[in-house]
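Student: My structure is in entry.cif, and what it holds is mmCIF, C-alpha atoms:
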```cif
data_final
#
loop_
_atom_site.label_atom_id
_atom_site.label_comp_id
_atom_site.auth_asym_id
_atom_site.auth_seq_id
_atom_site.Cartn_x
_atom_site.Cartn_y
_atom_site.Cartn_z
CA MET A 233 30.56 10.38 -11.60
CA ALA A 234 28.73 11.48 -8.49
CA ASP A 235 25.09 10.60 -7.93
CA GLN A 236 22.63 13.40 -8.43
CA VAL A 237 19.85 13.10 -5.87
CA ILE A 238 16.95 15.54 -5.61
CA LEU A 239 14.01 15.35 -3.21
CA LEU A 240 10.73 17.09 -4.00
CA ASP A 241 9.06 17.52 -0.65
CA PHE A 242 6.90 19.62 1.64
CA TRP A 243 8.36 20.57 5.02
CA ALA A 244 5.38 19.39 7.10
CA SER A 245 4.79 16.08 5.33
CA MET A 246 5.34 13.01 7.50
CA PHE A 247 5.71 11.08 4.25
CA GLY A 248 8.47 13.33 2.95
CA MET A 249 10.22 13.15 6.31
CA ARG A 250 10.55 9.39 5.90
CA VAL A 251 12.69 9.92 2.82
CA ARG A 252 14.78 12.57 4.56
CA ILE A 253 15.52 10.15 7.39
CA ALA A 254 16.42 7.31 5.02
CA LEU A 255 18.79 9.53 3.03
CA ALA A 256 20.37 10.75 6.27
CA GLU A 257 20.76 7.22 7.60
CA LYS A 258 22.66 6.34 4.44
CA GLY A 259 24.69 9.54 4.41
CA VAL A 260 23.45 10.45 0.92
CA HIS A 261 23.94 14.05 -0.22
CA TYR A 262 20.92 15.49 -1.92
CA GLU A 263 19.23 18.69 -3.03
CA TYR A 264 16.00 19.45 -1.18
CA LYS A 265 13.36 21.29 -3.24
CA GLU A 266 10.41 22.61 -1.26
CA GLN A 267 7.14 22.28 -3.16
CA ASP A 268 4.08 24.51 -3.07
CA LEU A 269 1.19 22.06 -3.14
CA ARG A 270 -1.40 24.70 -3.95
CA ASN A 271 0.59 25.70 -7.02
CA LYS A 272 2.32 22.58 -8.21
CA SER A 273 5.58 23.04 -10.08
CA PRO A 274 6.11 21.77 -13.64
CA LEU A 275 8.89 19.57 -12.22
CA LEU A 276 6.56 17.91 -9.73
CA LEU A 277 3.88 17.35 -12.38
CA GLN A 278 6.48 15.90 -14.72
CA MET A 279 8.04 13.64 -12.09
CA ASN A 280 4.79 12.41 -10.57
CA PRO A 281 2.15 12.74 -13.28
CA ILE A 282 0.04 9.95 -11.80
CA HIS A 283 -0.51 11.13 -8.23
CA LYS A 284 0.95 14.69 -8.42
CA LYS A 285 2.11 14.30 -4.81
CA ILE A 286 5.26 14.59 -2.77
CA PRO A 287 7.64 13.09 -1.87
CA VAL A 288 9.38 12.33 -5.17
CA LEU A 289 13.00 11.22 -5.27
CA ILE A 290 14.85 12.04 -8.48
CA HIS A 291 17.99 9.92 -8.78
CA ASN A 292 20.18 10.73 -11.79
CA GLY A 293 17.11 12.08 -13.57
CA LYS A 294 14.86 9.10 -12.81
CA HIS A 295 11.90 9.53 -10.51
CA ILE A 296 10.65 7.31 -7.73
CA CYS A 297 7.32 8.03 -6.03
CA GLU A 298 5.45 6.89 -2.89
CA SER A 299 7.40 7.29 0.35
CA LEU A 300 7.67 3.63 1.40
CA ILE A 301 8.67 2.62 -2.14
CA ILE A 302 11.30 5.37 -2.11
CA VAL A 303 12.67 4.21 1.26
CA GLN A 304 12.98 0.63 -0.02
CA TYR A 305 14.71 1.93 -3.15
CA ILE A 306 17.17 3.92 -1.06
CA ASP A 307 17.82 0.85 1.10
CA GLU A 308 18.54 -1.27 -1.99
CA VAL A 309 20.72 1.22 -3.87
CA TRP A 310 22.80 2.34 -0.87
CA HIS A 311 22.89 -1.12 0.62
CA ASP A 312 26.40 -0.93 2.04
CA LYS A 313 25.40 1.22 5.01
CA ALA A 314 22.72 1.23 7.72
CA PRO A 315 20.37 -1.49 6.40
CA LEU A 316 16.75 -0.49 6.96
CA LEU A 317 15.00 -3.73 5.99
CA PRO A 318 15.96 -7.08 7.53
CA SER A 319 17.79 -9.61 5.37
CA ASP A 320 15.47 -12.50 6.26
CA PRO A 321 12.43 -12.72 3.91
CA TYR A 322 9.96 -13.46 6.73
CA GLN A 323 11.21 -10.53 8.85
CA ARG A 324 11.12 -8.40 5.74
CA ALA A 325 7.47 -9.34 5.13
CA GLN A 326 6.65 -8.43 8.74
CA ALA A 327 8.40 -5.06 8.39
CA ARG A 328 6.44 -4.33 5.19
CA PHE A 329 3.22 -5.39 6.90
CA TRP A 330 3.67 -2.96 9.78
CA ALA A 331 4.78 -0.06 7.60
CA ASP A 332 1.69 -0.76 5.46
CA TYR A 333 -0.43 -0.79 8.65
CA VAL A 334 0.88 2.68 9.56
CA ASP A 335 0.12 3.86 6.02
CA LYS A 336 -3.41 2.43 6.00
CA LYS A 337 -4.47 3.48 9.46
CA LEU A 338 -2.64 6.37 11.06
CA TYR A 339 -2.99 9.29 8.67
CA ASP A 340 -6.75 9.02 8.18
CA THR A 341 -7.58 8.51 11.85
CA GLY A 342 -5.22 11.35 12.77
CA ARG A 343 -6.83 13.56 10.16
CA LYS A 344 -10.21 13.15 11.84
CA VAL A 345 -8.66 14.39 15.08
CA TRP A 346 -7.49 17.67 13.58
CA THR A 347 -10.21 18.35 11.00
CA THR A 348 -13.42 17.51 12.86
CA LYS A 349 -15.30 18.43 16.02
CA GLY A 350 -17.87 17.01 18.40
CA ASP A 351 -18.93 13.37 18.05
CA GLU A 352 -17.01 12.82 14.82
CA GLN A 353 -13.83 13.99 16.48
CA GLU A 354 -14.44 11.84 19.56
CA ALA A 355 -14.87 8.79 17.36
CA GLY A 356 -11.73 9.75 15.42
CA LYS A 357 -9.79 10.13 18.67
CA LYS A 358 -10.79 6.67 19.87
CA ASP A 359 -9.77 5.11 16.55
CA PHE A 360 -6.48 7.02 16.53
CA ILE A 361 -5.57 5.91 20.05
CA ALA A 362 -6.58 2.34 19.23
CA VAL A 363 -4.17 2.33 16.27
CA LEU A 364 -1.34 3.73 18.43
CA LYS A 365 -2.00 1.03 21.04
CA VAL A 366 -1.78 -1.72 18.43
CA LEU A 367 1.56 -0.27 17.32
CA GLU A 368 2.73 -0.02 20.94
CA GLY A 369 1.78 -3.69 21.35
CA GLU A 370 3.82 -4.62 18.30
CA LEU A 371 6.82 -2.69 19.65
CA GLY A 372 6.61 -4.60 22.92
CA ASP A 373 9.83 -4.40 24.89
CA LYS A 374 12.07 -3.97 21.85
CA PRO A 375 14.10 -0.76 21.64
CA TYR A 376 12.96 -0.34 18.02
CA PHE A 377 10.29 -1.92 15.83
CA GLY A 378 13.24 -3.37 13.91
CA GLY A 379 14.52 -5.04 17.09
CA GLN A 380 17.95 -3.91 18.19
CA SER A 381 18.36 -1.53 15.28
CA PHE A 382 16.36 1.35 13.89
CA GLY A 383 14.69 0.19 10.68
CA PHE A 384 11.94 0.41 8.09
CA VAL A 385 8.94 0.40 10.44
CA ASP A 386 10.63 2.92 12.74
CA VAL A 387 11.20 5.22 9.74
CA SER A 388 7.60 4.81 8.60
CA LEU A 389 6.12 5.76 11.98
CA ILE A 390 8.53 8.16 13.72
CA THR A 391 7.69 10.98 11.31
CA PHE A 392 4.13 11.12 12.66
CA SER A 393 5.61 12.14 16.03
CA SER A 394 6.13 15.66 14.68
CA TRP A 395 2.33 15.87 14.39
CA PHE A 396 1.62 14.45 17.90
CA HIS A 397 1.63 17.86 19.56
CA ALA A 398 -1.01 19.01 17.03
CA TYR A 399 -3.16 15.89 17.51
CA GLU A 400 -2.93 16.31 21.28
CA THR A 401 -3.83 20.00 21.13
CA PHE A 402 -6.80 19.68 18.78
CA GLY A 403 -7.95 16.39 20.25
CA ASN A 404 -7.35 17.32 23.87
CA LEU A 405 -5.51 14.10 24.53
CA SER A 406 -2.15 12.97 25.87
CA ILE A 407 -0.32 10.37 23.82
CA GLU A 408 2.20 10.00 26.67
CA LYS A 409 -0.63 8.99 28.97
CA GLU A 410 -2.24 6.61 26.48
CA CYS A 411 0.96 5.05 25.13
CA PRO A 412 3.94 5.67 27.41
CA LYS A 413 6.11 2.97 25.81
CA LEU A 414 5.51 4.44 22.38
CA MET A 415 6.57 7.87 23.63
CA ALA A 416 9.71 6.31 25.11
CA TRP A 417 10.42 4.89 21.66
CA VAL A 418 9.82 8.34 20.11
CA LYS A 419 12.39 9.89 22.49
CA ARG A 420 14.85 7.11 21.70
CA CYS A 421 14.48 7.66 17.94
CA LYS A 422 14.86 11.42 18.27
CA GLU A 423 18.32 10.87 19.76
CA LYS A 424 19.39 9.78 16.30
CA GLU A 425 20.73 12.62 14.21
CA SER A 426 19.00 11.33 11.06
CA VAL A 427 15.67 11.70 12.86
CA SER A 428 16.18 14.95 14.77
CA LYS A 429 17.47 16.67 11.62
CA SER A 430 14.59 15.44 9.46
CA LEU A 431 11.51 16.01 11.60
CA ALA A 432 9.61 19.27 11.31
CA ASP A 433 9.31 21.37 14.45
CA GLU A 434 6.11 20.34 16.26
CA ASN A 435 5.16 23.92 17.09
CA LYS A 436 5.49 24.93 13.44
CA VAL A 437 3.31 21.94 12.52
CA LEU A 438 0.69 23.07 15.04
CA GLU A 439 0.70 26.62 13.63
CA PHE A 440 0.43 25.24 10.10
CA LEU A 441 -2.56 23.04 10.99
CA GLN A 442 -4.23 25.93 12.81
CA THR A 443 -4.06 27.88 9.54
CA MET A 444 -5.31 24.87 7.58
CA ARG A 445 -8.27 24.49 9.96
CA LYS A 446 -9.14 28.14 9.46
CA ASN A 447 -8.97 27.71 5.68
CA LEU A 448 -11.15 24.60 5.95
CA GLY A 449 -13.68 26.58 7.99
CA ILE A 450 -13.23 24.55 11.16
CA GLU A 451 -13.37 26.73 14.26
CA MET B 95 12.10 -31.42 5.62
CA ALA B 96 9.45 -30.32 3.14
CA ASP B 97 7.93 -26.88 3.32
CA GLU B 98 4.43 -26.67 4.69
CA VAL B 99 2.50 -24.02 2.80
CA ILE B 100 -1.14 -23.19 3.53
CA LEU B 101 -3.24 -20.48 1.89
CA LEU B 102 -6.30 -19.05 3.63
CA ASP B 103 -8.39 -17.59 0.84
CA LEU B 104 -11.82 -16.89 -0.69
CA TRP B 105 -12.40 -18.28 -4.18
CA SER B 106 -13.69 -15.00 -5.64
CA SER B 107 -11.08 -12.67 -4.13
CA MET B 108 -8.85 -10.96 -6.70
CA PHE B 109 -6.38 -10.46 -3.86
CA GLY B 110 -6.26 -14.14 -2.95
CA MET B 111 -5.88 -15.02 -6.65
CA ARG B 112 -2.64 -13.03 -6.77
CA VAL B 113 -1.12 -15.43 -4.26
CA ARG B 114 -2.44 -18.47 -6.14
CA VAL B 115 -0.83 -17.19 -9.36
CA ALA B 116 2.49 -16.52 -7.61
CA LEU B 117 2.57 -19.96 -5.97
CA ALA B 118 1.75 -21.58 -9.33
CA GLU B 119 4.45 -19.58 -11.13
CA LYS B 120 6.97 -20.96 -8.63
CA GLY B 121 5.58 -24.51 -8.74
CA ILE B 122 4.92 -24.58 -5.00
CA GLU B 123 2.64 -27.23 -3.55
CA TYR B 124 0.26 -25.89 -0.97
CA GLU B 125 -2.94 -26.58 0.88
CA TYR B 126 -5.82 -24.29 -0.05
CA LYS B 127 -8.26 -23.56 2.78
CA GLU B 128 -11.46 -21.80 1.71
CA GLN B 129 -12.62 -19.26 4.30
CA ASP B 130 -16.13 -18.18 5.25
CA LEU B 131 -15.84 -14.45 5.75
CA ARG B 132 -19.22 -14.13 7.43
CA ASN B 133 -18.10 -16.67 10.03
CA LYS B 134 -14.36 -16.25 10.37
CA SER B 135 -12.44 -19.31 11.46
CA PRO B 136 -10.27 -19.38 14.60
CA LEU B 137 -7.31 -20.07 12.32
CA LEU B 138 -7.91 -16.91 10.27
CA LEU B 139 -8.36 -14.81 13.39
CA GLU B 140 -5.20 -16.26 14.89
CA MET B 141 -3.14 -15.80 11.72
CA ASN B 142 -4.40 -12.31 10.85
CA PRO B 143 -5.55 -10.75 14.12
CA ILE B 144 -4.89 -7.20 12.87
CA HIS B 145 -6.99 -7.09 9.70
CA LYS B 146 -8.88 -10.41 9.94
CA LYS B 147 -8.79 -10.66 6.14
CA ILE B 148 -7.72 -13.06 3.44
CA PRO B 149 -5.39 -13.94 1.84
CA VAL B 150 -3.03 -15.23 4.51
CA LEU B 151 -0.08 -17.43 3.61
CA ILE B 152 1.09 -19.74 6.38
CA HIS B 153 4.63 -20.97 5.69
CA ASN B 154 5.92 -23.53 8.16
CA GLY B 155 3.48 -22.18 10.74
CA LYS B 156 4.34 -18.49 10.24
CA PRO B 157 1.69 -16.13 8.78
CA ILE B 158 2.25 -13.52 6.10
CA CYS B 159 -0.62 -11.11 5.33
CA GLU B 160 -1.52 -8.57 2.61
CA SER B 161 -1.48 -9.97 -0.93
CA LEU B 162 1.32 -7.86 -2.43
CA ILE B 163 3.52 -8.44 0.61
CA ILE B 164 2.85 -12.19 0.30
CA VAL B 165 3.74 -12.17 -3.42
CA GLN B 166 7.04 -10.40 -2.67
CA TYR B 167 7.73 -12.91 0.11
CA ILE B 168 7.08 -15.81 -2.27
CA ASP B 169 9.38 -14.22 -4.85
CA GLU B 170 12.16 -13.83 -2.29
CA VAL B 171 11.92 -17.27 -0.68
CA TRP B 172 11.55 -19.23 -3.93
CA HIS B 173 13.95 -17.03 -5.80
CA HIS B 174 15.52 -19.67 -8.04
CA LYS B 175 12.53 -19.94 -10.38
CA ALA B 176 10.33 -17.52 -12.37
CA PRO B 177 11.45 -14.19 -10.84
CA LEU B 178 8.47 -11.89 -10.41
CA LEU B 179 10.23 -8.66 -9.45
CA PRO B 180 13.06 -7.19 -11.55
CA SER B 181 16.60 -7.35 -10.17
CA ASP B 182 17.34 -3.68 -10.83
CA PRO B 183 16.33 -1.43 -7.89
CA TYR B 184 14.85 1.29 -10.13
CA GLN B 185 12.78 -1.22 -12.13
CA ARG B 186 11.76 -2.81 -8.85
CA ALA B 187 10.58 0.56 -7.53
CA GLN B 188 8.54 1.09 -10.71
CA ALA B 189 6.97 -2.37 -10.36
CA ARG B 190 6.03 -1.64 -6.74
CA PHE B 191 4.63 1.75 -7.77
CA TRP B 192 2.29 0.26 -10.39
CA ALA B 193 1.16 -2.63 -8.19
CA ASP B 194 0.44 -0.03 -5.49
CA TYR B 195 -1.49 2.03 -8.08
CA VAL B 196 -3.67 -1.01 -8.85
CA ASP B 197 -4.18 -1.57 -5.13
CA LYS B 198 -5.14 2.05 -4.42
CA LYS B 199 -7.31 2.71 -7.44
CA VAL B 200 -9.07 -0.24 -9.06
CA TYR B 201 -11.11 -1.98 -6.37
CA ALA B 202 -13.24 0.90 -5.02
CA PRO B 203 -14.72 2.25 -8.28
CA GLY B 204 -15.09 -1.33 -9.52
CA ARG B 205 -17.16 -2.16 -6.47
CA LYS B 206 -19.30 0.95 -6.95
CA ILE B 207 -20.12 -0.14 -10.48
CA TRP B 208 -21.90 -3.27 -9.25
CA ALA B 209 -23.07 -1.98 -5.86
CA THR B 210 -24.60 1.38 -6.79
CA LYS B 211 -26.95 2.95 -9.32
CA GLY B 212 -27.65 6.22 -11.08
CA ASP B 213 -25.16 9.09 -10.83
CA GLU B 214 -22.91 7.34 -8.31
CA GLN B 215 -22.59 4.38 -10.66
CA GLU B 216 -21.97 6.59 -13.71
CA GLU B 217 -19.19 8.45 -11.94
CA ALA B 218 -17.62 5.22 -10.77
CA LYS B 219 -17.71 3.91 -14.35
CA LYS B 220 -15.95 7.01 -15.68
CA GLU B 221 -13.34 6.80 -12.96
CA PHE B 222 -12.82 3.07 -13.53
CA ILE B 223 -12.35 3.46 -17.29
CA GLU B 224 -9.89 6.32 -16.76
CA ILE B 225 -7.84 4.15 -14.41
CA LEU B 226 -7.82 1.28 -16.91
CA LYS B 227 -6.64 3.70 -19.59
CA VAL B 228 -3.77 4.86 -17.38
CA LEU B 229 -2.78 1.22 -16.91
CA GLU B 230 -3.11 0.57 -20.65
CA GLY B 231 -0.84 3.56 -21.24
CA GLU B 232 1.73 2.16 -18.84
CA LEU B 233 1.60 -1.23 -20.61
CA GLY B 234 2.25 0.48 -23.93
CA GLU B 235 3.57 -1.91 -26.57
CA LYS B 236 5.11 -4.32 -24.09
CA PRO B 237 3.74 -7.89 -23.96
CA TYR B 238 3.59 -7.66 -20.18
CA PHE B 239 3.82 -4.87 -17.62
CA GLY B 240 7.07 -6.56 -16.61
CA GLY B 241 8.40 -6.19 -20.17
CA GLU B 242 9.23 -9.44 -21.91
CA SER B 243 8.26 -11.54 -18.92
CA PHE B 244 5.17 -11.86 -16.79
CA GLY B 245 5.83 -10.24 -13.43
CA PHE B 246 4.71 -8.48 -10.28
CA VAL B 247 2.48 -5.83 -11.85
CA ASP B 248 0.88 -8.37 -14.20
CA ILE B 249 0.01 -10.55 -11.20
CA SER B 250 -1.35 -7.61 -9.22
CA PHE B 251 -3.77 -6.62 -11.98
CA VAL B 252 -4.68 -9.70 -14.05
CA THR B 253 -6.73 -11.12 -11.18
CA PHE B 254 -9.25 -8.32 -11.66
CA SER B 255 -9.92 -9.65 -15.17
CA CYS B 256 -12.29 -12.36 -13.92
CA TRP B 257 -14.38 -9.52 -12.49
CA PHE B 258 -14.47 -7.56 -15.79
CA HIS B 259 -17.62 -9.43 -16.86
CA VAL B 260 -19.30 -8.22 -13.63
CA TYR B 261 -18.25 -4.60 -14.19
CA GLU B 262 -19.34 -4.72 -17.85
CA THR B 263 -22.69 -6.30 -17.05
CA PHE B 264 -23.70 -3.90 -14.30
CA GLY B 265 -22.00 -0.88 -15.82
CA ASN B 266 -23.26 -1.58 -19.32
CA PHE B 267 -19.99 -0.95 -21.11
CA SER B 268 -17.30 -2.91 -22.92
CA ILE B 269 -13.76 -2.97 -21.58
CA GLU B 270 -12.63 -4.41 -24.93
CA LYS B 271 -14.00 -1.32 -26.66
CA GLU B 272 -12.48 1.14 -24.17
CA CYS B 273 -9.12 -0.60 -23.73
CA PRO B 274 -8.40 -3.10 -26.53
CA LYS B 275 -4.68 -3.35 -25.76
CA LEU B 276 -5.42 -4.14 -22.14
CA MET B 277 -7.80 -6.93 -23.20
CA ALA B 278 -5.11 -8.31 -25.51
CA TRP B 279 -2.80 -8.38 -22.49
CA VAL B 280 -5.50 -10.15 -20.43
CA LYS B 281 -5.84 -12.85 -23.12
CA ARG B 282 -2.07 -13.21 -23.26
CA CYS B 283 -1.87 -13.69 -19.48
CA GLN B 284 -4.78 -16.13 -19.44
CA GLU B 285 -2.75 -18.42 -21.72
CA ARG B 286 -0.39 -19.00 -18.81
CA GLU B 287 -1.27 -22.06 -16.77
CA SER B 288 -0.59 -20.25 -13.50
CA VAL B 289 -3.25 -17.71 -14.43
CA PHE B 290 -6.03 -19.83 -15.91
CA LYS B 291 -5.75 -22.36 -13.09
CA SER B 292 -5.95 -19.64 -10.44
CA LEU B 293 -8.79 -17.48 -11.73
CA PRO B 294 -12.38 -18.64 -11.32
CA ASP B 295 -14.85 -18.66 -14.19
CA GLU B 296 -16.15 -15.13 -14.81
CA LYS B 297 -19.74 -16.41 -14.97
CA LYS B 298 -19.42 -17.88 -11.48
CA VAL B 299 -18.16 -14.49 -10.27
CA LEU B 300 -21.18 -12.79 -11.86
CA GLU B 301 -23.55 -15.27 -10.17
CA PHE B 302 -21.79 -14.62 -6.89
CA VAL B 303 -22.29 -10.86 -7.25
CA TYR B 304 -26.02 -11.34 -7.94
CA PHE B 305 -26.11 -13.35 -4.72
CA LEU B 306 -24.18 -10.66 -2.79
CA LYS B 307 -26.52 -7.97 -4.02
CA LYS B 308 -29.45 -9.97 -2.78
CA ILE B 309 -28.08 -10.58 0.69
CA PHE B 310 -26.89 -6.97 1.03
CA GLY B 311 -30.26 -5.76 -0.16
CA ILE B 312 -28.83 -3.90 -3.16
CA GLU B 313 -31.33 -4.06 -5.99
#
```
In structure tokens, what does this structure look like?

Tutor:
Amino acid sequence: MADQVILLDFWASMFGMRVRIALAEKGVHYEYKEQDLRNKSPLLLQMNPIHKKIPVLIHNGKHICESLIIVQYIDEVWHDKAPLLPSDPYQRAQARFWADYVDKKLYDTGRKVWTTKGDEQEAGKKDFIAVLKVLEGELGDKPYFGGQSFGFVDVSLITFSSWFHAYETFGNLSIEKECPKLMAWVKRCKEKESVSKSLADENKVLEFLQTMRKNLGIE
Amino acid sequence: MADEVILLDLWSSMFGMRVRVALAEKGIEYEYKEQDLRNKSPLLLEMNPIHKKIPVLIHNGKPICESLIIVQYIDEVWHHKAPLLPSDPYQRAQARFWADYVDKKVYAPGRKIWATKGDEQEEAKKEFIEILKVLEGELGEKPYFGGESFGFVDISFVTFSCWFHVYETFGNFSIEKECPKLMAWVKRCQERESVFKSLPDEKKVLEFVYFLKKIFGIE
């Protein structure tokens, strides 16, 4: 009997995109269901009653929530192809550490860049660039965070690249200038079909955030 | 060659305690090194340069940081005894979800209960009790969050129990009254040697918080 895989997601979410990439890496067929987060569907509320957020993966009727947990689940279930986490426990702990670092640091600092102005935004910008530089340092001269192959940390971070154009526009900054090696890594990842097919268009993201800013009353 | 295992920790940290419980469950001998967080040691700064926090596990010279990542590492390396995570990927995803829920939700309102007053404290209390009730609901009729055996979610949450006396004292409420099934689970866990040997006395924790309030100037 074939697997039934459904993804509850929102097109602009860098968290949802992680799941899309993981499913693509594994060649898993799934049904994508776009969610309206201002008017949450009964299905979403049933499948994620605790956080009421996307992404949610529904695999043969059973739900898995939280993007990095979903990606690990996908890696474990469809383990015969394109391993995302290393097999060595120490390397695995390092991969989890860095994905957790992205989760703890990047979204909130990035959010300050697009939702604030003046001094608060300047401070947000500095923090945001500092986080990117730490990540660039961790990448070093490796082609991917995973080493020779695209892996868990790459998946966790690459999805933010679809928001870079927006951060640069609102923050008046150049990520290429601040972190050229990181941008080289972004370009390298985007050559992968799983990535290019899963990332939202950066201009659409910019338009979307411009609308959000208006709704939030930020000039 | 014997394993060299060192734990950098703080006696009162519910995060550090998770690692102590996991190491005890697996019967691993290790060296405990108490850290002074107001005067961080060169070793701590070298082993956790990113977050500069405890706990840090140092296994044969290699550091692993972030308590839940360390517990998973311990479970994977010493996999022949007392498994902490389930073997089924879906159950494993659920365990990670609930440990993540504890991580995201419990600490902050708990801290507000002892560190604030008035309306802020009242709101934190309400939030805290709601979160405990969600966890109690997830426990249901099972002896442990892991089902029949003590596991990952149990470890992630039971370490907060030595701080319950602090929350109850400053918040003026009874966790037993609000969540009797949860307290029954706490008692059940505290019968395990790995737990009662790893958690400090709740009165010492209360004394410590009185001391913290003094030095932070919180009346």

Student: Any chance you could work out the residue set of the PyMOL selection byres ((chain A) within 12 of (chain B)) here, as number ranges by chain?

Tutor: A: 280-283, 288-311, 319-337, 362-363, 365-367, 369-370

Student: Rank nothing, just name the residue among A:Val251, A:Ile390, A:Cys421, A:Met444 nearest to Arg343 in chain A, using only C-alpha atoms.

Tutor: A:Met444

Student: Applying the PyMOL selection byres ((chain B and resi 237) around 12) to the file I just gave you, which residues come out? Please list them as a CSV table (one decimal) with C-alpha atoms, keeping the file's coordinate frame.

Tutor:
```
chain,number,residue,atom,x,y,z
B,230,GLU,CA,-3.1,0.6,-20.6
B,232,GLU,CA,1.7,2.2,-18.8
B,233,LEU,CA,1.6,-1.2,-20.6
B,234,GLY,CA,2.2,0.5,-23.9
B,235,GLU,CA,3.6,-1.9,-26.6
B,236,LYS,CA,5.1,-4.3,-24.1
B,238,TYR,CA,3.6,-7.7,-20.2
B,239,PHE,CA,3.8,-4.9,-17.6
B,240,GLY,CA,7.1,-6.6,-16.6
B,241,GLY,CA,8.4,-6.2,-20.2
B,242,GLU,CA,9.2,-9.4,-21.9
B,243,SER,CA,8.3,-11.5,-18.9
B,244,PHE,CA,5.2,-11.9,-16.8
B,245,GLY,CA,5.8,-10.2,-13.4
B,248,ASP,CA,0.9,-8.4,-14.2
B,275,LYS,CA,-4.7,-3.4,-25.8
B,276,LEU,CA,-5.4,-4.1,-22.1
B,277,MET,CA,-7.8,-6.9,-23.2
B,278,ALA,CA,-5.1,-8.3,-25.5
B,279,TRP,CA,-2.8,-8.4,-22.5
B,280,VAL,CA,-5.5,-10.2,-20.4
B,281,LYS,CA,-5.8,-12.8,-23.1
B,282,ARG,CA,-2.1,-13.2,-23.3
B,283,CYS,CA,-1.9,-13.7,-19.5
```

Student: I'd like the interatomic distance between CA of Met246 in chain A and CA of Thr391 in chain A, to a tenth of an Å.

Tutor: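 For CA of Met246 in chain A relative to CA of Thr391 in chain A, the distance reads 4.9 Å.
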
Student: Quick one: which residues end up in the PyMOL selection byres ((chain A and resi 252-261) around 6) for this structure, as an mmCIF file with C-alpha atoms, in the frame of the given file?

Tutor:
```cif
data_model
loop_
_atom_site.group_PDB
_atom_site.id
_atom_site.type_symbol
_atom_site.label_atom_id
_atom_site.label_comp_id
_atom_site.auth_asym_id
_atom_site.auth_seq_id
_atom_site.Cartn_x
_atom_site.Cartn_y
_atom_site.Cartn_z
ATOM 1 C CA MET A 249 10.220 13.150 6.310
ATOM 2 C CA ARG A 250 10.550 9.390 5.900
ATOM 3 C CA VAL A 251 12.690 9.920 2.820
ATOM 4 C CA TYR A 262 20.920 15.490 -1.920
ATOM 5 C CA LYS A 313 25.400 1.220 5.010
ATOM 6 C CA SER A 426 19.000 11.330 11.060
ATOM 7 C CA VAL A 427 15.670 11.700 12.860
ATOM 8 C CA SER A 430 14.590 15.440 9.460
#
```

Student: Given all atoms listed in the file as the basis, pick out the residue of A:Leu277, A:Ala398, A:Ile286, A:Leu371 nearest to Trp243 in chain A.

Tutor: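 So, comparing all the options, the nearest one is A:Ile286.
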
Student: Hey, what's within 7 Å of range 115-121 of chain B if we count all atoms listed in the file and toss same-chain stuff fewer than 3 positions away? As a count of residues only, please?

Tutor: 10
